[in-house]
>>> print(open('target.csv').read())   # CSV, C-alpha atoms
chain,number,residue,atom,x,y,z
U,6,MET,CA,-137.5,8.4,-37.6
U,7,SER,CA,-134.6,7.7,-35.2
U,8,VAL,CA,-133.6,9.5,-32.1
U,9,THR,CA,-130.1,9.7,-30.7
U,10,SER,CA,-129.7,10.5,-27.0
U,11,GLU,CA,-126.4,11.7,-25.5
U,12,ALA,CA,-124.6,12.2,-22.3
U,13,THR,CA,-121.2,13.7,-21.7
U,14,THR,CA,-118.8,12.7,-18.9
U,15,THR,CA,-115.8,14.7,-17.9
U,16,TRP,CA,-113.3,12.8,-15.8
U,17,SER,CA,-110.1,13.9,-14.0
U,18,GLY,CA,-107.5,11.6,-12.5
U,19,SER,CA,-107.0,7.9,-12.3
U,20,LEU,CA,-109.9,5.4,-11.9
U,21,PHE,CA,-109.5,4.9,-8.1
U,22,GLU,CA,-108.5,8.5,-7.1
U,23,GLY,CA,-110.3,10.5,-9.8
U,24,SER,CA,-113.8,11.7,-10.2
U,25,GLY,CA,-116.0,13.2,-12.8
U,26,THR,CA,-119.4,14.5,-13.8
U,27,VAL,CA,-122.0,13.2,-16.2
U,28,ALA,CA,-124.4,15.5,-17.9
U,29,PRO,CA,-127.4,14.1,-19.9
U,30,GLY,CA,-127.9,16.0,-23.2
U,31,SER,CA,-131.4,16.9,-22.1
U,32,GLY,CA,-129.9,19.4,-19.7
U,33,ILE,CA,-131.7,17.9,-16.6
U,34,GLY,CA,-128.5,18.4,-14.6
U,35,THR,CA,-125.0,17.4,-14.0
U,36,PHE,CA,-124.2,14.5,-11.6
U,37,PRO,CA,-121.0,13.5,-9.9
U,38,VAL,CA,-119.5,10.0,-10.6
U,39,ASN,CA,-116.5,8.2,-9.0
U,40,TRP,CA,-115.1,4.8,-8.4
U,41,LYS,CA,-115.8,4.7,-4.7
U,42,ALA,CA,-119.6,5.2,-5.3
U,43,ARG,CA,-119.5,2.6,-8.0
U,44,SER,CA,-117.7,0.0,-6.0
U,45,GLU,CA,-119.1,0.7,-2.5
U,46,GLY,CA,-122.4,2.5,-3.1
U,47,SER,CA,-123.4,6.1,-2.3
U,48,GLU,CA,-126.5,8.1,-1.6
U,49,SER,CA,-125.1,11.3,-3.1
U,50,THR,CA,-123.1,10.2,-6.2
U,51,THR,CA,-124.5,8.4,-9.2
U,52,THR,CA,-123.0,5.4,-11.0
U,53,PRO,CA,-123.3,4.0,-14.5
U,54,GLU,CA,-125.4,1.2,-13.0
U,55,GLU,CA,-127.8,3.6,-11.5
U,56,LEU,CA,-128.2,5.3,-14.9
U,57,ILE,CA,-128.8,1.9,-16.5
U,58,ALA,CA,-131.4,1.1,-13.8
U,59,ALA,CA,-133.2,4.4,-14.6
U,60,ALA,CA,-133.2,3.5,-18.3
U,61,HIS,CA,-134.4,0.0,-17.7
U,62,SER,CA,-137.2,0.9,-15.3
U,63,SER,CA,-138.5,3.6,-17.5
U,64,CYS,CA,-138.3,1.6,-20.7
U,65,PHE,CA,-140.0,-1.4,-19.1
U,66,SER,CA,-142.8,0.8,-17.7
U,67,MET,CA,-143.5,2.1,-21.2
U,68,ALA,CA,-143.3,-1.4,-22.7
U,69,LEU,CA,-145.7,-2.8,-20.1
U,70,SER,CA,-148.1,0.1,-20.4
U,71,ASN,CA,-148.2,-0.4,-24.1
U,72,ALA,CA,-148.7,-4.2,-23.9
U,73,LEU,CA,-151.5,-3.8,-21.3
U,74,ALA,CA,-153.3,-1.2,-23.5
U,75,GLN,CA,-152.9,-3.6,-26.5
U,76,ASN,CA,-154.5,-6.3,-24.4
U,77,GLY,CA,-157.5,-4.0,-23.9
U,78,THR,CA,-156.6,-3.5,-20.2
U,79,PRO,CA,-154.8,-0.2,-20.0
U,80,PRO,CA,-153.2,0.4,-16.6
U,81,GLU,CA,-154.3,3.0,-14.1
U,82,SER,CA,-150.7,3.1,-12.8
U,83,VAL,CA,-147.4,1.3,-13.2
U,84,GLU,CA,-144.5,1.6,-10.7
U,85,ALA,CA,-141.3,-0.2,-11.8
U,86,THR,CA,-137.9,-0.4,-10.1
U,87,ALA,CA,-134.8,-1.8,-11.7
U,88,ALA,CA,-132.0,-2.9,-9.5
U,89,VAL,CA,-128.7,-3.3,-11.5
U,90,THR,CA,-125.9,-5.2,-9.8
U,91,PHE,CA,-122.3,-4.4,-10.3
U,92,VAL,CA,-119.4,-6.6,-9.0
U,93,PRO,CA,-116.0,-4.9,-9.1
U,94,GLY,CA,-113.6,-7.0,-11.3
U,95,THR,CA,-116.5,-8.8,-12.9
U,96,GLY,CA,-118.9,-6.1,-14.2
U,97,ILE,CA,-122.6,-5.8,-14.4
U,98,THR,CA,-124.2,-9.1,-13.5
U,99,GLY,CA,-127.9,-8.5,-13.6
U,100,SER,CA,-131.0,-6.3,-13.5
U,101,HIS,CA,-133.9,-7.2,-11.3
U,102,LEU,CA,-137.2,-5.5,-12.3
U,103,THR,CA,-140.0,-5.1,-9.6
U,104,VAL,CA,-143.3,-3.9,-10.9
U,105,ASN,CA,-146.6,-3.1,-9.1
U,106,ALA,CA,-149.5,-2.0,-11.2
U,107,THR,CA,-153.1,-1.2,-11.0
U,108,VAL,CA,-154.9,-2.7,-14.0
U,109,PRO,CA,-158.7,-3.0,-13.8
U,110,GLY,CA,-160.2,-6.2,-15.3
U,111,LEU,CA,-157.0,-8.2,-15.4
U,112,ASP,CA,-156.1,-11.3,-13.3
U,113,ALA,CA,-152.6,-11.9,-11.8
U,114,GLU,CA,-151.8,-14.8,-14.2
U,115,LYS,CA,-152.5,-12.7,-17.3
U,116,PHE,CA,-150.6,-9.7,-15.8
U,117,ALA,CA,-147.6,-11.9,-15.1
U,118,GLU,CA,-147.7,-13.2,-18.7
U,119,ILE,CA,-147.9,-9.6,-20.2
U,120,ALA,CA,-145.2,-8.4,-17.8
U,121,GLU,CA,-142.8,-11.2,-19.0
U,122,GLY,CA,-143.5,-10.2,-22.6
U,123,ALA,CA,-142.8,-6.6,-21.9
U,124,LYS,CA,-139.6,-7.5,-20.1
U,125,ALA,CA,-138.4,-9.4,-23.2
U,126,GLY,CA,-139.6,-6.8,-25.7
U,127,CYS,CA,-138.3,-3.7,-23.9
U,128,PRO,CA,-135.4,-2.2,-26.0
U,129,VAL,CA,-133.3,-1.7,-22.9
U,130,SER,CA,-133.8,-5.4,-21.9
U,131,GLN,CA,-132.7,-6.3,-25.4
U,132,ALA,CA,-129.6,-4.1,-25.0
U,133,LEU,CA,-128.8,-5.9,-21.7
U,134,ALA,CA,-129.1,-9.3,-23.3
U,135,GLY,CA,-125.7,-10.3,-21.9
U,136,ILE,CA,-126.9,-10.3,-18.3
U,137,GLU,CA,-129.6,-12.0,-16.3
U,138,ILE,CA,-132.8,-10.1,-16.1
U,139,THR,CA,-135.4,-11.1,-13.5
U,140,LEU,CA,-138.9,-9.9,-12.8
U,141,ASP,CA,-141.3,-9.8,-9.8
U,142,ALA,CA,-144.7,-8.5,-11.0
U,143,THR,CA,-147.6,-7.7,-8.7
U,144,LEU,CA,-151.1,-6.3,-9.3
U,145,SER,CA,-152.3,-3.8,-6.7
>>> encode(input="target.csv", output="C-alpha cells")
Amino acid sequence: MSVTSEATTTWSGSLFEGSGTVAPGSGIGTFPVNWKARSEGSESTTTPEELIAAAHSSCFSMALSNALAQNGTPPESVEATAAVTFVPGTGITGSHLTVNATVPGLDAEKFAEIAEGAKAGCPVSQALAGIEITLDATLS
C-alpha cells in the first residue's frame, strides 16, 4: 500500500516582493511563506527548509525508534531535531540531526551505531541524499 501526502501553496507576486501560504493536505493549518523569511530567517513565517526539517526529524525519530525496538532495546523516549541550512544563491546545503534518547539497557557506543543506521535508512535522509547529513546522538 502506498500513501501520497500533499500540500498546496498559493503565491502572489514576484519572488522577492511576493508572499504566499502553504497548506498541508491534512488540514492542520495554513502557514505563511515568503522570501525574506527564507533568506533571513523568521520566527513567525515558515520556510521550505523548516518544513523539510520537520519531515526529517519526524522520519528519523520513527526510524530510530524502530531500529532500537528491533535491537531488543525499545526507547522510553526520543527527541530529535533537524536543522536544515539554506544558502541563498546556493540552495539547501545540509541537515544536522541532534537526538537525545532514553533507552534502558543500551550503552552509548551501540546507541551511536544504531542511530547512524537509522540516519542512513530513514526515507527522508535517502530523499536528501544530495546534501550532507550529520548526526549528534546522546543517551539520557
>>> closest_atom_pairs(input="target.csv", of="region 85-113 of chain U", to="region 125-132 of chain U", cutoff="12 Å", atoms="all atoms listed in the file", output="tab-separated table")
residue	atom	partner	partner_atom	distance
U:Ala87	CA	U:Ser130	CA	10.9
U:Val89	CA	U:Ser130	CA	11.8
U:Gly99	CA	U:Ser130	CA	10.6
U:Ser100	CA	U:Ser130	CA	8.9
U:His101	CA	U:Ser130	CA	10.8
U:Leu102	CA	U:Ser130	CA	10.2
>>> residues_around(input="target.csv", residues="region 47-64 of chain U", least_positions_apart="6", cutoff="12 Å", atoms="all atoms listed in the file", output="ChimeraX atom specification")
/U:10,12,14,24-29,35-41,70-71,83-93,96-105,123-133,138-140
>>> atom_distance(input="target.csv", atom1="CA of Ile119 (chain U)", atom2="CA of Ile136 (chain U)")
21.1 Å
>>> atom_distance(input="target.csv", atom1="CA of Ala68 (chain U)", atom2="CA of Gly135 (chain U)")
19.7 Å
>>> closest_residue(input="target.csv", among="U:Ser145, U:Phe116, U:Phe21, U:Ser31", to="Glu45 (chain U)", atoms="only C-alpha atoms")
U:Phe21
>>> atom_distance(input="target.csv", atom1="CA of Pro79 (chain U)", atom2="CA of Ala120 (chain U)")
12.8 Å
>>> closest_residue(input="target.csv", among="U:Gly94, U:Glu81, U:Glu11, U:Gly122", to="Gly30 (chain U)", atoms="all atoms listed in the file")
U:Glu11
>>> residues_around(input="target.csv", residues="Leu111 (chain U)", least_positions_apart="6", cutoff="12 Å", atoms="only C-alpha atoms", output="PyMOL selection string")
chain U and resi 73-74+76-81+117-119+143-145
>>> build_atoms(input="target.csv", residues="region 73-86 of chain U", atoms="N, CA and C atoms", output="PDB file, in the coordinates of the input")
ATOM      1  N   LEU U  73    -150.195  -3.696 -22.027  1.00  0.00           N
ATOM      2  CA  LEU U  73    -151.500  -3.800 -21.300  1.00  0.00           C
ATOM      3  C   LEU U  73    -152.585  -3.089 -22.118  1.00  0.00           C
ATOM      4  N   ALA U  74    -152.290  -1.943 -22.711  1.00  0.00           N
ATOM      5  CA  ALA U  74    -153.300  -1.200 -23.500  1.00  0.00           C
ATOM      6  C   ALA U  74    -153.639  -2.083 -24.764  1.00  0.00           C
ATOM      7  N   GLN U  75    -152.643  -2.717 -25.381  1.00  0.00           N
ATOM      8  CA  GLN U  75    -152.900  -3.600 -26.500  1.00  0.00           C
ATOM      9  C   GLN U  75    -153.761  -4.781 -26.163  1.00  0.00           C
ATOM     10  N   ASN U  76    -153.683  -5.191 -24.901  1.00  0.00           N
ATOM     11  CA  ASN U  76    -154.500  -6.300 -24.400  1.00  0.00           C
ATOM     12  C   ASN U  76    -155.932  -5.849 -24.122  1.00  0.00           C
ATOM     13  N   GLY U  77    -156.196  -4.552 -24.219  1.00  0.00           N
ATOM     14  CA  GLY U  77    -157.500  -4.000 -23.900  1.00  0.00           C
ATOM     15  C   GLY U  77    -157.709  -3.736 -22.430  1.00  0.00           C
ATOM     16  N   THR U  78    -156.599  -3.741 -21.676  1.00  0.00           N
ATOM     17  CA  THR U  78    -156.600  -3.500 -20.200  1.00  0.00           C
ATOM     18  C   THR U  78    -155.599  -2.427 -19.867  1.00  0.00           C
ATOM     19  N   PRO U  79    -155.808  -1.194 -20.294  1.00  0.00           N
ATOM     20  CA  PRO U  79    -154.800  -0.200 -20.000  1.00  0.00           C
ATOM     21  C   PRO U  79    -154.651   0.020 -18.476  1.00  0.00           C
ATOM     22  N   PRO U  80    -153.431   0.257 -18.018  1.00  0.00           N
ATOM     23  CA  PRO U  80    -153.200   0.400 -16.600  1.00  0.00           C
ATOM     24  C   PRO U  80    -153.654   1.755 -16.063  1.00  0.00           C
ATOM     25  N   GLU U  81    -154.082   1.771 -14.815  1.00  0.00           N
ATOM     26  CA  GLU U  81    -154.300   3.000 -14.100  1.00  0.00           C
ATOM     27  C   GLU U  81    -152.958   3.596 -13.669  1.00  0.00           C
ATOM     28  N   SER U  82    -152.073   2.680 -13.242  1.00  0.00           N
ATOM     29  CA  SER U  82    -150.700   3.100 -12.800  1.00  0.00           C
ATOM     30  C   SER U  82    -149.765   1.939 -12.903  1.00  0.00           C
ATOM     31  N   VAL U  83    -148.515   2.275 -13.120  1.00  0.00           N
ATOM     32  CA  VAL U  83    -147.400   1.300 -13.200  1.00  0.00           C
ATOM     33  C   VAL U  83    -146.255   1.918 -12.381  1.00  0.00           C
ATOM     34  N   GLU U  84    -145.713   1.182 -11.422  1.00  0.00           N
ATOM     35  CA  GLU U  84    -144.500   1.600 -10.700  1.00  0.00           C
ATOM     36  C   GLU U  84    -143.480   0.498 -10.861  1.00  0.00           C
ATOM     37  N   ALA U  85    -142.383   0.794 -11.537  1.00  0.00           N
ATOM     38  CA  ALA U  85    -141.300  -0.200 -11.800  1.00  0.00           C
ATOM     39  C   ALA U  85    -140.011   0.275 -11.241  1.00  0.00           C
ATOM     40  N   THR U  86    -139.285  -0.638 -10.635  1.00  0.00           N
ATOM     41  CA  THR U  86    -137.900  -0.400 -10.100  1.00  0.00           C
ATOM     42  C   THR U  86    -137.002  -1.377 -10.794  1.00  0.00           C
TER      43      THR U  86
END
